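S.K.: Shown below is the structure under consideration.
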Amino acid sequence: MTEETPSNFIRDFIDEELASGVRDTVVTRFPPEPNGYLHIGHALAIQVSHGIATDYKGQFNLRFDDTNPAKEEDEYVQAIKKDLQWLGADWGENLFFASDYFDQLYDWAVFLIKEGLAYVDDLTPEEMRTYRGSLTEAGKDSPFRDRSVEENLEIFQQMRDGKFDEGKRVLRAKIDMAHPNLNLRDPVLYRILHARHHRTGDKWKIYPSYDFTHGQSDAIEGITHSLCSLEFESHRPLYNWFLENLPVPSKPRQIEFARLNVEYILTSKRKLLQLVTEGHVRGWDDPRMPTVSGFRRLGYTASALNEFCHRAGIAKRERVNEYSLLEYCLRQDLEGSAYRRMAVLNPIKVVIENFPEGETEWFEGPNHPGNPELGTRKVALTKEIFIEREDFMEEPPKKFFRLGPGREVRLRYTCYITCTDFVKDDAGNITEIRATFDPESRGGSTPDGRKIKGTIHWVSTTKNTPLEVRVYEPLFTKPNPEDVQEGQTFIDNLNPNSETVLTAYGETELSKVKPGDRFQFERKGYFAVDPDSNAKQIVFNRSTGLRDSWGKKQAK
RNA sequence: GGCCUCGUGGUGUAAUGGUAGCACUAAGGUUUCUGGUACCUUUAGUCGGGGUUCGAAUCCCUGCGGGGCUACCA
């Protein structure tokens, strides 16, 4: 589906470098911090970096940016690897951790100290903030800025040895406290952290900052193009400063592009974590979560997600994609392959008066209307069946092609029935519909060739598979979940109806499914079997509805 | 008040000084044992103002608008 690759500014840049001989290979990387699950924005970043490496016959590395032990866990490492594999981004042998480079990074910090380009600062975080100045005012030098190389070396060694409490001292680069780019106002290189690291354990008492780690890690791995999001644009001068002032083995180039935003979707790891810890969702892989694992559980295919990223493309400006594109990509992918099944989600009983009591007649329906090679399955018709409540109206309007008093419809794959009567309870709710079927119409058509406008799906009340169906709507009520009034947070925009659990009935064939299986429930949408399913209860998630031009017309 | 960066139909994205194209969405139609799919049609765009040029979405100036930057997070 992703046949042609449109040009973009990153590929153009690479083409130029390759053409001019500045480089002759392409090596990219995806550098997640293992502090949460991957979301759809990461899926784009992965596709861009992995796709470029593949197209230029280069190399793609997976590198965990694990420089902050306070937030990182192995659970996340495992989940991230699984998601990358599922998305089809193969890193082969090239799995790395920034923590693999801690020794090298430390040596380079010492190198900078010896060059007079780094110093230990005793300022408190609050003092540092004050000294840094503001967006419009220059900062001023720390009183510790001119420590001797020997003193710096000695204290830095003591920091490493764990002689100080957390937060007492930092190592800073000596650049320019008046620089208009605040990132160059003597950024922090190392801070004291007495946390246990998920890989290096208690070996280190000091940890390098992102800025001091990223570019050098890229250089160590021979990354040629370090692709990242726009927010790092103002870090690029610092990224380059380290590459210029350190004896690094290669000179990677950082290129930024805009992150992927989608209506009704939040992609802040911090906020996603909050949704999980506060119990607003079933977990990181809740079908409503914008995580890769959430989409997977909802029933999205990797190719649908990749196609979405491909169509969203990349740009240098912030943009918000419409949710409908996401749904389109899924339907597009599933339409040709998903087996068709019938399930009634909101049942009402129909009694077929002239159908023999206690008997079952089996009819055959194709698994896919456009592809006979996918075979057929049998569906059971009995005297009593369920149809959707919304497929019957007591007083139907003109263009209503479904069931109503005296009206005739086709039961999918089976026969025609005509409504003869209906029963109401004391409250006025319709509880039962009565109908007769035309024996001549078996197989779905009659000798007289009369046209039937409406075909509805149905399920036997006795020969069926009970289902729990979870119908999902967007997690938030607003296209921009962060659009809140004073004093509110994104939590206030949570959609109270984002999950509706239904007791439904599916055709008998659905008794054999396993988690991950996907089907189209005819006229209702695409559904996937949830991992919560067990021998007693089959659970389906609605991945997306079908396009519904009738429903849309009704809404007007 | 500073620095960086970006403005193309409703949305997303192409056009690299030479016919503003594609997709999604929306509206309408044809086909149909899914009000689905498929197919067809329509609406709709270069942020404003100057300039350079035979010719500007593209280059220059200026205005306006959006985003980012003031963590011992990444």
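By order in the structure tokens, chains are A, B, ...; within a chain, residues start at 1; ligands start at 1, following the order shown.
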Which residues come within 6 Å of stretch 236-253 of chain A, counting only C-alpha atoms (C1' of nucleotides), excluding same-chain residues fewer than 4 positions away, as an MDAnalysis selection string?
M.R.: chainID A and resid 215 219 222:226
S.K.: Name all residues at most 8 Å from stretch 59-62 of chain B (count only C-alpha atoms (C1' of nucleotides); drop same-chain ones fewer than 6 positions away) and give them as number ranges by chain.
M.R.: B: 49-52
S.K.: Save out the residues we just selected, N, CA, C and O atoms (P, O5', C5', C4', C3', O3' and C1' of nucleotides), as a PDB file, in the first residue's frame.
M.R.:
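This went into out-v4.pdb:
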```
ATOM      1  P     G B  49      -2.786  41.026  -0.513  1.00  0.00           P
ATOM      2  O5'   G B  49      -1.744  42.160  -0.115  1.00  0.00           O
ATOM      3  C5'   G B  49      -2.194  43.360   0.517  1.00  0.00           C
ATOM      4  C4'   G B  49      -1.019  44.275   0.752  1.00  0.00           C
ATOM      5  C3'   G B  49      -0.073  44.408  -0.427  1.00  0.00           C
ATOM      6  O3'   G B  49      -0.570  45.295  -1.417  1.00  0.00           O
ATOM      7  C1'   G B  49       1.179  44.069   1.527  1.00  0.00           C
ATOM      8  P     G B  50       0.144  45.299  -2.872  1.00  0.00           P
ATOM      9  O5'   G B  50       1.436  46.155  -2.547  1.00  0.00           O
ATOM     10  C5'   G B  50       2.496  46.159  -3.448  1.00  0.00           C
ATOM     11  C4'   G B  50       3.758  46.617  -2.751  1.00  0.00           C
ATOM     12  C3'   G B  50       5.007  46.305  -3.557  1.00  0.00           C
ATOM     13  O3'   G B  50       5.229  47.282  -4.539  1.00  0.00           O
ATOM     14  C1'   G B  50       5.283  45.469  -1.384  1.00  0.00           C
ATOM     15  P     G B  51       5.252  46.766  -6.075  1.00  0.00           P
ATOM     16  O5'   G B  51       6.727  46.187  -6.187  1.00  0.00           O
ATOM     17  C5'   G B  51       7.812  47.012  -5.782  1.00  0.00           C
ATOM     18  C4'   G B  51       9.009  46.175  -5.441  1.00  0.00           C
ATOM     19  C3'   G B  51       9.598  45.337  -6.574  1.00  0.00           C
ATOM     20  O3'   G B  51      10.347  46.127  -7.480  1.00  0.00           O
ATOM     21  C1'   G B  51       9.560  44.074  -4.579  1.00  0.00           C
ATOM     22  P     U B  52      10.364  45.718  -9.045  1.00  0.00           P
ATOM     23  O5'   U B  52      11.349  44.475  -9.040  1.00  0.00           O
ATOM     24  C5'   U B  52      12.694  44.621  -8.584  1.00  0.00           C
ATOM     25  C4'   U B  52      13.401  43.288  -8.655  1.00  0.00           C
ATOM     26  C3'   U B  52      13.234  42.545  -9.980  1.00  0.00           C
ATOM     27  O3'   U B  52      14.139  43.015 -10.972  1.00  0.00           O
ATOM     28  C1'   U B  52      12.866  41.055  -8.176  1.00  0.00           C
TER      29        U B  52
END
```
S.K.: When you get a sec, could you note down which chain A residues fall within 8 Å of chain B, using only C-alpha atoms (C1' of nucleotides), as a count of residues only?
M.R.: 51
S.K.: Using only C-alpha atoms, which residue out of A:Leu374, A:Ile348, A:Cys419, A:Ala528 lies closest to A:Ile387?
M.R.: A:Ile348
S.K.: If you run DSSP on the backbone here, which positions in stretch 268-482 of chain A get strand (DSSP E)? Please write them as a ChimeraX atom specification.
M.R.: /A:319-321,339-341,343-344,347-352,361-366,376-381,384-388,408-411,415-424,430-437,455-456,459-460,465-472
S.K.: Name the residues in contact with stretch 78-92 of chain A at a cut-off of 10 Å, using only C-alpha atoms (C1' of nucleotides), excluding same-chain residues fewer than 3 positions from it; report them as a ChimeraX atom specification.
M.R.: /A:29-30,32-39,42-43,46-47,49-51,54,59-64,73-75,95-96,291-293,296,301-306
S.K.: Keeping only N, CA, C and O atoms, take the residues you just selected and write them out as a short mmCIF file (atom, residue, chain, number, x, y, z; two decimals), in the first residue's frame.
M.R.:
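Saved the output as part21.cif:
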```cif
data_model
loop_
_atom_site.label_atom_id
_atom_site.label_comp_id
_atom_site.auth_asym_id
_atom_site.auth_seq_id
_atom_site.Cartn_x
_atom_site.Cartn_y
_atom_site.Cartn_z
N ARG A 29 18.49 5.85 13.89
CA ARG A 29 18.20 5.18 15.15
C ARG A 29 16.86 5.63 15.70
O ARG A 29 16.38 6.70 15.37
N PHE A 30 16.28 4.77 16.52
CA PHE A 30 15.09 5.18 17.26
C PHE A 30 15.49 5.11 18.72
O PHE A 30 15.90 4.04 19.20
N PRO A 32 14.10 5.56 22.19
CA PRO A 32 13.09 5.77 23.23
C PRO A 32 13.69 5.74 24.64
O PRO A 32 14.65 5.01 24.89
N GLU A 33 13.10 6.52 25.53
CA GLU A 33 13.43 6.38 26.93
C GLU A 33 12.48 5.33 27.48
O GLU A 33 11.26 5.43 27.26
N PRO A 34 12.98 4.30 28.16
CA PRO A 34 12.08 3.26 28.66
C PRO A 34 11.33 3.69 29.92
O PRO A 34 11.51 3.12 30.99
N ASN A 35 10.49 4.70 29.76
CA ASN A 35 9.72 5.18 30.90
C ASN A 35 8.23 5.18 30.61
O ASN A 35 7.45 5.86 31.25
N GLY A 36 7.83 4.44 29.59
CA GLY A 36 6.41 4.37 29.25
C GLY A 36 6.26 3.55 27.99
O GLY A 36 7.26 3.05 27.45
N TYR A 37 5.02 3.41 27.57
CA TYR A 37 4.77 2.62 26.37
C TYR A 37 4.81 3.52 25.13
O TYR A 37 4.58 4.73 25.20
N LEU A 38 5.08 2.92 24.01
CA LEU A 38 5.13 3.65 22.75
C LEU A 38 3.73 4.06 22.32
O LEU A 38 2.78 3.29 22.45
N HIS A 39 3.60 5.27 21.78
CA HIS A 39 2.30 5.68 21.26
C HIS A 39 2.37 5.95 19.77
O HIS A 39 3.43 5.78 19.15
N HIS A 42 5.21 7.83 18.31
CA HIS A 42 6.44 7.05 18.16
C HIS A 42 6.39 6.20 16.90
O HIS A 42 7.41 5.98 16.25
N ALA A 43 5.19 5.72 16.59
CA ALA A 43 5.05 4.87 15.40
C ALA A 43 5.51 5.65 14.16
O ALA A 43 6.16 5.09 13.28
N ILE A 46 9.33 5.97 14.30
CA ILE A 46 9.94 4.69 13.96
C ILE A 46 9.88 4.48 12.45
O ILE A 46 10.87 4.12 11.82
N GLN A 47 8.71 4.75 11.89
CA GLN A 47 8.56 4.55 10.45
C GLN A 47 9.52 5.44 9.66
O GLN A 47 10.11 5.00 8.68
N SER A 49 12.49 6.84 10.65
CA SER A 49 13.90 6.43 10.78
C SER A 49 14.16 5.05 10.17
O SER A 49 15.15 4.85 9.47
N HIS A 50 13.27 4.13 10.45
CA HIS A 50 13.45 2.78 9.91
C HIS A 50 13.28 2.78 8.40
O HIS A 50 14.03 2.14 7.67
N GLY A 51 12.29 3.55 7.93
CA GLY A 51 12.02 3.59 6.50
C GLY A 51 13.18 4.18 5.72
O GLY A 51 13.56 3.67 4.66
N THR A 54 16.06 1.72 5.60
CA THR A 54 15.77 0.64 4.67
C THR A 54 15.90 1.11 3.22
O THR A 54 16.55 0.45 2.41
N GLN A 59 21.49 1.26 7.88
CA GLN A 59 21.32 0.51 9.12
C GLN A 59 20.38 1.26 10.06
O GLN A 59 20.37 2.48 10.10
N PHE A 60 19.60 0.46 10.80
CA PHE A 60 18.66 1.05 11.76
C PHE A 60 18.96 0.50 13.15
O PHE A 60 18.97 -0.71 13.34
N ASN A 61 19.23 1.38 14.08
CA ASN A 61 19.53 0.97 15.46
C ASN A 61 18.35 1.26 16.39
O ASN A 61 17.68 2.27 16.24
N LEU A 62 18.18 0.35 17.36
CA LEU A 62 17.26 0.65 18.46
C LEU A 62 18.16 0.95 19.65
O LEU A 62 18.99 0.13 20.03
N ARG A 63 18.02 2.15 20.17
CA ARG A 63 18.83 2.50 21.34
C ARG A 63 17.95 3.05 22.45
O ARG A 63 17.21 4.02 22.25
N PHE A 64 18.02 2.42 23.59
CA PHE A 64 17.27 2.92 24.73
C PHE A 64 18.04 4.05 25.39
O PHE A 64 19.21 3.89 25.73
N GLU A 73 12.26 1.57 33.62
CA GLU A 73 12.09 0.20 34.08
C GLU A 73 12.23 -0.79 32.93
O GLU A 73 11.94 -0.47 31.79
N ASP A 74 12.62 -1.99 33.29
CA ASP A 74 12.80 -3.03 32.29
C ASP A 74 11.48 -3.42 31.63
O ASP A 74 11.44 -3.79 30.46
N GLU A 75 10.39 -3.31 32.38
CA GLU A 75 9.07 -3.63 31.82
C GLU A 75 8.86 -2.84 30.53
O GLU A 75 8.34 -3.35 29.54
N LEU A 95 20.93 -3.51 18.74
CA LEU A 95 20.23 -3.09 19.95
C LEU A 95 21.25 -2.49 20.92
O LEU A 95 22.24 -3.12 21.25
N PHE A 96 21.01 -1.25 21.32
CA PHE A 96 21.96 -0.58 22.21
C PHE A 96 21.26 0.12 23.35
O PHE A 96 20.04 0.31 23.32
N THR A 291 -1.65 4.26 22.60
CA THR A 291 -0.41 3.50 22.55
C THR A 291 -0.46 2.48 21.43
O THR A 291 -1.53 2.07 20.99
N VAL A 292 0.70 2.05 20.99
CA VAL A 292 0.76 1.01 19.97
C VAL A 292 0.05 -0.23 20.48
O VAL A 292 -0.74 -0.86 19.76
N SER A 293 0.28 -0.56 21.75
CA SER A 293 -0.36 -1.75 22.30
C SER A 293 -1.87 -1.56 22.45
O SER A 293 -2.64 -2.51 22.35
N ARG A 296 -3.31 -2.03 19.04
CA ARG A 296 -3.25 -3.46 18.71
C ARG A 296 -4.42 -4.18 19.36
O ARG A 296 -5.10 -4.99 18.75
N THR A 301 -4.46 -3.15 12.73
CA THR A 301 -3.35 -3.92 12.19
C THR A 301 -2.13 -3.02 12.14
O THR A 301 -2.24 -1.79 12.11
N ALA A 302 -0.96 -3.65 12.12
CA ALA A 302 0.27 -2.86 12.01
C ALA A 302 0.28 -2.12 10.68
O ALA A 302 0.72 -0.97 10.61
N SER A 303 -0.24 -2.76 9.64
CA SER A 303 -0.18 -2.08 8.35
C SER A 303 -1.14 -0.89 8.30
O SER A 303 -0.85 0.10 7.64
N ALA A 304 -2.24 -0.96 9.02
CA ALA A 304 -3.15 0.19 9.06
C ALA A 304 -2.47 1.36 9.77
O ALA A 304 -2.55 2.50 9.32
N LEU A 305 -1.79 1.06 10.85
CA LEU A 305 -1.09 2.10 11.60
C LEU A 305 0.05 2.70 10.75
O LEU A 305 0.24 3.91 10.70
N ASN A 306 0.77 1.82 10.10
CA ASN A 306 1.87 2.29 9.25
C ASN A 306 1.35 3.12 8.08
O ASN A 306 1.95 4.12 7.70
#
```
S.K.: Quick one: distance from atom CA of A:His457 to atom CA of A:Arg407 in Å, one decimal?
M.R.: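 One can read the atom CA of A:His457 to atom CA of A:Arg407 distance as 15.8 Å.
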S.K.: Going by DSSP on the backbone, which bits of stretch 210-267 of chain A are helix (DSSP H, G or I)? Write them as a JSON list (two decimals) with N, CA, C and O atoms, in the first residue's frame, please.
M.R.:
```json
[["chain", "number", "residue", "atom", "x", "y", "z"],
["A", 210, "TYR", "N", 20.53, 14.22, 29.21],
["A", 210, "TYR", "CA", 20.16, 13.92, 27.84],
["A", 210, "TYR", "C", 21.12, 14.58, 26.85],
["A", 210, "TYR", "O", 21.65, 13.94, 25.95],
["A", 211, "ASP", "N", 21.35, 15.88, 27.08],
["A", 211, "ASP", "CA", 22.17, 16.62, 26.13],
["A", 211, "ASP", "C", 23.59, 16.07, 26.03],
["A", 211, "ASP", "O", 24.17, 16.04, 24.96],
["A", 212, "PHE", "N", 24.12, 15.65, 27.18],
["A", 212, "PHE", "CA", 25.50, 15.15, 27.16],
["A", 212, "PHE", "C", 25.58, 13.72, 26.63],
["A", 212, "PHE", "O", 26.64, 13.21, 26.38],
["A", 213, "THR", "N", 24.43, 13.08, 26.49],
["A", 213, "THR", "CA", 24.41, 11.68, 26.10],
["A", 213, "THR", "C", 24.06, 11.45, 24.64],
["A", 213, "THR", "O", 24.66, 10.63, 23.96],
["A", 214, "HIS", "N", 23.07, 12.22, 24.20],
["A", 214, "HIS", "CA", 22.47, 11.84, 22.92],
["A", 214, "HIS", "C", 23.40, 11.91, 21.71],
["A", 214, "HIS", "O", 23.57, 10.94, 20.99],
["A", 215, "GLY", "N", 23.97, 13.07, 21.50],
["A", 215, "GLY", "CA", 24.83, 13.23, 20.33],
["A", 215, "GLY", "C", 26.03, 12.30, 20.36],
["A", 215, "GLY", "O", 26.41, 11.71, 19.34],
["A", 216, "GLN", "N", 26.62, 12.16, 21.56],
["A", 216, "GLN", "CA", 27.79, 11.30, 21.67],
["A", 216, "GLN", "C", 27.43, 9.84, 21.42],
["A", 216, "GLN", "O", 28.19, 9.09, 20.82],
["A", 217, "SER", "N", 26.24, 9.44, 21.87],
["A", 217, "SER", "CA", 25.79, 8.07, 21.61],
["A", 217, "SER", "C", 25.62, 7.87, 20.11],
["A", 217, "SER", "O", 26.00, 6.84, 19.55],
["A", 218, "ASP", "N", 25.03, 8.88, 19.48],
["A", 218, "ASP", "CA", 24.89, 8.82, 18.02],
["A", 218, "ASP", "C", 26.26, 8.67, 17.37],
["A", 218, "ASP", "O", 26.46, 7.85, 16.47],
["A", 219, "ALA", "N", 27.22, 9.45, 17.85],
["A", 219, "ALA", "CA", 28.57, 9.44, 17.27],
["A", 219, "ALA", "C", 29.23, 8.07, 17.47],
["A", 219, "ALA", "O", 29.87, 7.54, 16.56],
["A", 220, "ILE", "N", 29.05, 7.51, 18.65],
["A", 220, "ILE", "CA", 29.65, 6.20, 18.94],
["A", 220, "ILE", "C", 29.10, 5.13, 18.00],
["A", 220, "ILE", "O", 29.82, 4.28, 17.51],
["A", 221, "GLU", "N", 27.80, 5.21, 17.74],
["A", 221, "GLU", "CA", 27.16, 4.19, 16.90],
["A", 221, "GLU", "C", 27.32, 4.47, 15.41],
["A", 221, "GLU", "O", 26.86, 3.69, 14.57],
["A", 230, "LEU", "N", 10.65, 18.31, 16.74],
["A", 230, "LEU", "CA", 10.91, 19.75, 16.68],
["A", 230, "LEU", "C", 11.39, 20.38, 17.98],
["A", 230, "LEU", "O", 12.14, 21.34, 17.98],
["A", 231, "GLU", "N", 10.91, 19.81, 19.10],
["A", 231, "GLU", "CA", 11.25, 20.41, 20.39],
["A", 231, "GLU", "C", 12.76, 20.41, 20.65],
["A", 231, "GLU", "O", 13.23, 21.13, 21.52],
["A", 232, "PHE", "N", 13.50, 19.61, 19.90],
["A", 232, "PHE", "CA", 14.95, 19.54, 20.11],
["A", 232, "PHE", "C", 15.72, 20.48, 19.19],
["A", 232, "PHE", "O", 16.95, 20.50, 19.20],
["A", 233, "GLU", "N", 14.98, 21.25, 18.42],
["A", 233, "GLU", "CA", 15.63, 22.16, 17.48],
["A", 233, "GLU", "C", 16.63, 23.07, 18.19],
["A", 233, "GLU", "O", 17.75, 23.25, 17.75],
["A", 234, "SER", "N", 16.19, 23.62, 19.32],
["A", 234, "SER", "CA", 17.06, 24.56, 20.02],
["A", 234, "SER", "C", 18.17, 23.84, 20.79],
["A", 234, "SER", "O", 19.02, 24.48, 21.39],
["A", 235, "HIS", "N", 18.15, 22.51, 20.76],
["A", 235, "HIS", "CA", 19.23, 21.77, 21.39],
["A", 235, "HIS", "C", 20.33, 21.45, 20.38],
["A", 235, "HIS", "O", 21.42, 21.03, 20.74],
["A", 236, "ARG", "N", 20.02, 21.65, 19.11],
["A", 236, "ARG", "CA", 20.98, 21.25, 18.07],
["A", 236, "ARG", "C", 22.33, 21.96, 18.20],
["A", 236, "ARG", "O", 23.38, 21.32, 18.06],
["A", 237, "PRO", "N", 22.34, 23.26, 18.51],
["A", 237, "PRO", "CA", 23.63, 23.92, 18.67],
["A", 237, "PRO", "C", 24.47, 23.27, 19.78],
["A", 237, "PRO", "O", 25.69, 23.17, 19.67],
["A", 238, "LEU", "N", 23.79, 22.81, 20.82],
["A", 238, "LEU", "CA", 24.49, 22.16, 21.92],
["A", 238, "LEU", "C", 24.96, 20.77, 21.49],
["A", 238, "LEU", "O", 26.09, 20.35, 21.79],
["A", 239, "TYR", "N", 24.08, 20.08, 20.78],
["A", 239, "TYR", "CA", 24.42, 18.77, 20.21],
["A", 239, "TYR", "C", 25.71, 18.89, 19.41],
["A", 239, "TYR", "O", 26.65, 18.11, 19.57],
["A", 240, "ASN", "N", 25.76, 19.94, 18.58],
["A", 240, "ASN", "CA", 26.94, 20.13, 17.74],
["A", 240, "ASN", "C", 28.16, 20.59, 18.55],
["A", 240, "ASN", "O", 29.29, 20.24, 18.22],
["A", 241, "TRP", "N", 27.90, 21.34, 19.60],
["A", 241, "TRP", "CA", 29.01, 21.82, 20.44],
["A", 241, "TRP", "C", 29.80, 20.65, 21.02],
["A", 241, "TRP", "O", 31.03, 20.64, 21.03],
["A", 242, "PHE", "N", 29.07, 19.63, 21.48],
["A", 242, "PHE", "CA", 29.75, 18.46, 22.04],
["A", 242, "PHE", "C", 30.54, 17.72, 20.96],
["A", 242, "PHE", "O", 31.65, 17.27, 21.18],
["A", 243, "LEU", "N", 29.93, 17.62, 19.78],
["A", 243, "LEU", "CA", 30.61, 16.91, 18.70],
["A", 243, "LEU", "C", 31.90, 17.63, 18.30],
["A", 243, "LEU", "O", 32.88, 17.01, 17.89],
["A", 244, "GLU", "N", 31.87, 18.95, 18.41],
["A", 244, "GLU", "CA", 33.05, 19.73, 18.02],
["A", 244, "GLU", "C", 34.12, 19.74, 19.10],
["A", 244, "GLU", "O", 35.31, 19.85, 18.78],
["A", 245, "ASN", "N", 33.74, 19.65, 20.34],
["A", 245, "ASN", "CA", 34.71, 19.79, 21.42],
["A", 245, "ASN", "C", 35.18, 18.47, 22.04],
["A", 245, "ASN", "O", 35.98, 18.49, 22.97]]
```
S.K.: Quick one: residues within 12 Å of B:U32, only C-alpha atoms (C1' of nucleotides), excluding same-chain residues fewer than 5 positions away - as a CSV table (one decimal) with all heavy atoms, in the first residue's frame?
M.R.:
```csv
chain,number,residue,atom,x,y,z
A,369,PRO,N,-17.9,-11.3,0.7
A,369,PRO,CA,-18.8,-11.1,-0.4
A,369,PRO,C,-18.0,-10.9,-1.7
A,369,PRO,O,-18.5,-11.3,-2.8
A,369,PRO,CB,-19.5,-9.8,-0.1
A,369,PRO,CG,-18.7,-9.1,0.9
A,369,PRO,CD,-17.9,-10.1,1.7
A,370,GLY,N,-16.8,-10.4,-1.6
A,370,GLY,CA,-16.0,-10.1,-2.9
A,370,GLY,C,-15.0,-11.2,-3.2
A,370,GLY,O,-14.3,-11.1,-4.2
A,452,ILE,N,-36.2,-6.5,-3.1
A,452,ILE,CA,-36.3,-6.2,-1.7
A,452,ILE,C,-35.2,-5.2,-1.4
A,452,ILE,O,-34.0,-5.4,-1.6
A,452,ILE,CB,-36.0,-7.5,-0.8
A,452,ILE,CG1,-37.1,-8.6,-1.1
A,452,ILE,CG2,-36.0,-7.2,0.7
A,452,ILE,CD1,-38.5,-8.2,-0.6
A,453,LYS,N,-35.6,-4.1,-0.9
A,453,LYS,CA,-34.7,-3.0,-0.6
A,453,LYS,C,-33.8,-3.2,0.6
A,453,LYS,O,-32.6,-2.9,0.6
A,453,LYS,CB,-35.4,-1.7,-0.4
A,453,LYS,CG,-34.6,-0.5,-0.6
A,453,LYS,CD,-34.5,-0.1,-2.1
A,453,LYS,CE,-34.0,1.4,-2.2
A,453,LYS,NZ,-33.0,1.6,-3.3
A,454,GLY,N,-34.3,-3.8,1.6
A,454,GLY,CA,-33.6,-4.0,2.9
A,454,GLY,C,-33.1,-5.4,3.1
A,454,GLY,O,-33.9,-6.3,3.0
A,455,THR,N,-31.9,-5.5,3.6
A,455,THR,CA,-31.4,-6.8,4.0
A,455,THR,C,-30.8,-6.5,5.4
A,455,THR,O,-30.0,-5.6,5.6
A,455,THR,CB,-30.2,-7.3,3.1
A,455,THR,OG1,-30.7,-7.5,1.8
A,455,THR,CG2,-29.7,-8.6,3.6
B,37,U,P,-18.0,2.3,2.3
B,37,U,OP1,-16.8,3.0,2.9
B,37,U,OP2,-19.0,3.0,1.5
B,37,U,O5',-17.4,1.1,1.4
B,37,U,C5',-16.4,0.2,1.9
B,37,U,C4',-16.1,-0.8,0.9
B,37,U,O4',-17.2,-1.6,0.7
B,37,U,C3',-15.7,-0.4,-0.4
B,37,U,O3',-14.3,0.0,-0.5
B,37,U,C2',-16.0,-1.5,-1.3
B,37,U,O2',-15.0,-2.5,-1.2
B,37,U,C1',-17.3,-2.0,-0.7
B,37,U,N1,-18.5,-1.5,-1.3
B,37,U,C2,-18.9,-2.0,-2.5
B,37,U,O2,-18.3,-2.9,-3.0
B,37,U,N3,-20.0,-1.5,-3.1
B,37,U,C4,-20.8,-0.5,-2.5
B,37,U,O4,-21.8,-0.1,-3.2
B,37,U,C5,-20.3,0.0,-1.3
B,37,U,C6,-19.2,-0.5,-0.7
B,38,A,P,-13.8,1.2,-1.4
B,38,A,OP1,-12.3,1.2,-1.3
B,38,A,OP2,-14.6,2.4,-1.0
B,38,A,O5',-14.2,0.8,-2.9
B,38,A,C5',-13.5,-0.3,-3.5
B,38,A,C4',-14.1,-0.6,-4.9
B,38,A,O4',-15.5,-1.0,-4.7
B,38,A,C3',-14.2,0.7,-5.7
B,38,A,O3',-13.0,0.9,-6.4
B,38,A,C2',-15.4,0.4,-6.6
B,38,A,O2',-15.0,-0.5,-7.7
B,38,A,C1',-16.3,-0.4,-5.7
B,38,A,N9,-17.3,0.5,-5.0
B,38,A,C8,-17.2,1.1,-3.8
B,38,A,N7,-18.2,1.9,-3.4
B,38,A,C5,-19.0,1.8,-4.5
B,38,A,C6,-20.2,2.4,-4.9
B,38,A,N6,-20.9,3.2,-4.0
B,38,A,N1,-20.8,2.2,-6.1
B,38,A,C2,-20.1,1.4,-6.9
B,38,A,N3,-19.0,0.7,-6.7
B,38,A,C4,-18.5,1.0,-5.5
B,39,C,P,-12.5,2.4,-6.7
B,39,C,OP1,-11.2,2.3,-7.3
B,39,C,OP2,-12.7,3.2,-5.5
B,39,C,O5',-13.5,2.9,-7.8
B,39,C,C5',-13.6,2.3,-9.1
B,39,C,C4',-14.8,2.8,-9.8
B,39,C,O4',-16.0,2.4,-9.2
B,39,C,C3',-14.9,4.3,-9.9
B,39,C,O3',-14.0,4.9,-10.9
B,39,C,C2',-16.4,4.5,-10.2
B,39,C,O2',-16.6,4.2,-11.6
B,39,C,C1',-17.0,3.4,-9.4
B,39,C,N1,-17.4,3.9,-8.0
B,39,C,C2,-18.7,4.6,-8.0
B,39,C,O2,-19.4,4.7,-9.0
B,39,C,N3,-19.1,5.1,-6.8
B,39,C,C4,-18.3,5.0,-5.7
B,39,C,N4,-18.7,5.5,-4.6
B,39,C,C5,-17.0,4.4,-5.8
B,39,C,C6,-16.6,3.8,-6.9
```
S.K.: For stretch 502-516 of chain A, please output as number ranges by chain all residues within 10 Å (counting only C-alpha atoms (C1' of nucleotides); exclusion window: fewer than 3 positions along the same chain).
M.R.: A: 296-301, 341-347, 377-380, 386-387, 458-471, 499, 519, 521, 527-535, 537-541
S.K.: Write out as a list in words the residues lying within 8 Å of A:His179, counting only C-alpha atoms (C1' of nucleotides) and excluding same-chain residues fewer than 4 positions away.
M.R.: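 So, after excluding close chain neighbours, the residues are Ala138, Leu184 and Arg185 of chain A.
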S.K.: Dump N, CA and C atoms for the selected residues as a compact mmCIF listing (two decimals), in the first residue's frame?
M.R.:
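Everything below was put into result.txt:
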```
# COMPACT_ATOMS: atom_id res chain seq x y z
N ALA A 138 20.13 38.30 29.89
CA ALA A 138 21.30 37.42 29.96
C ALA A 138 21.41 36.83 31.36
N LEU A 184 22.47 26.91 25.79
CA LEU A 184 23.93 27.04 25.81
C LEU A 184 24.43 27.82 27.02
N ARG A 185 23.53 28.16 27.95
CA ARG A 185 23.97 28.87 29.15
C ARG A 185 24.45 27.83 30.16
```
S.K.: Write out as a count of residues only which residues come within 10 Å of B:U43 when counting only C-alpha atoms (C1' of nucleotides), dropping same-chain ones fewer than 3 positions away.
M.R.: 3
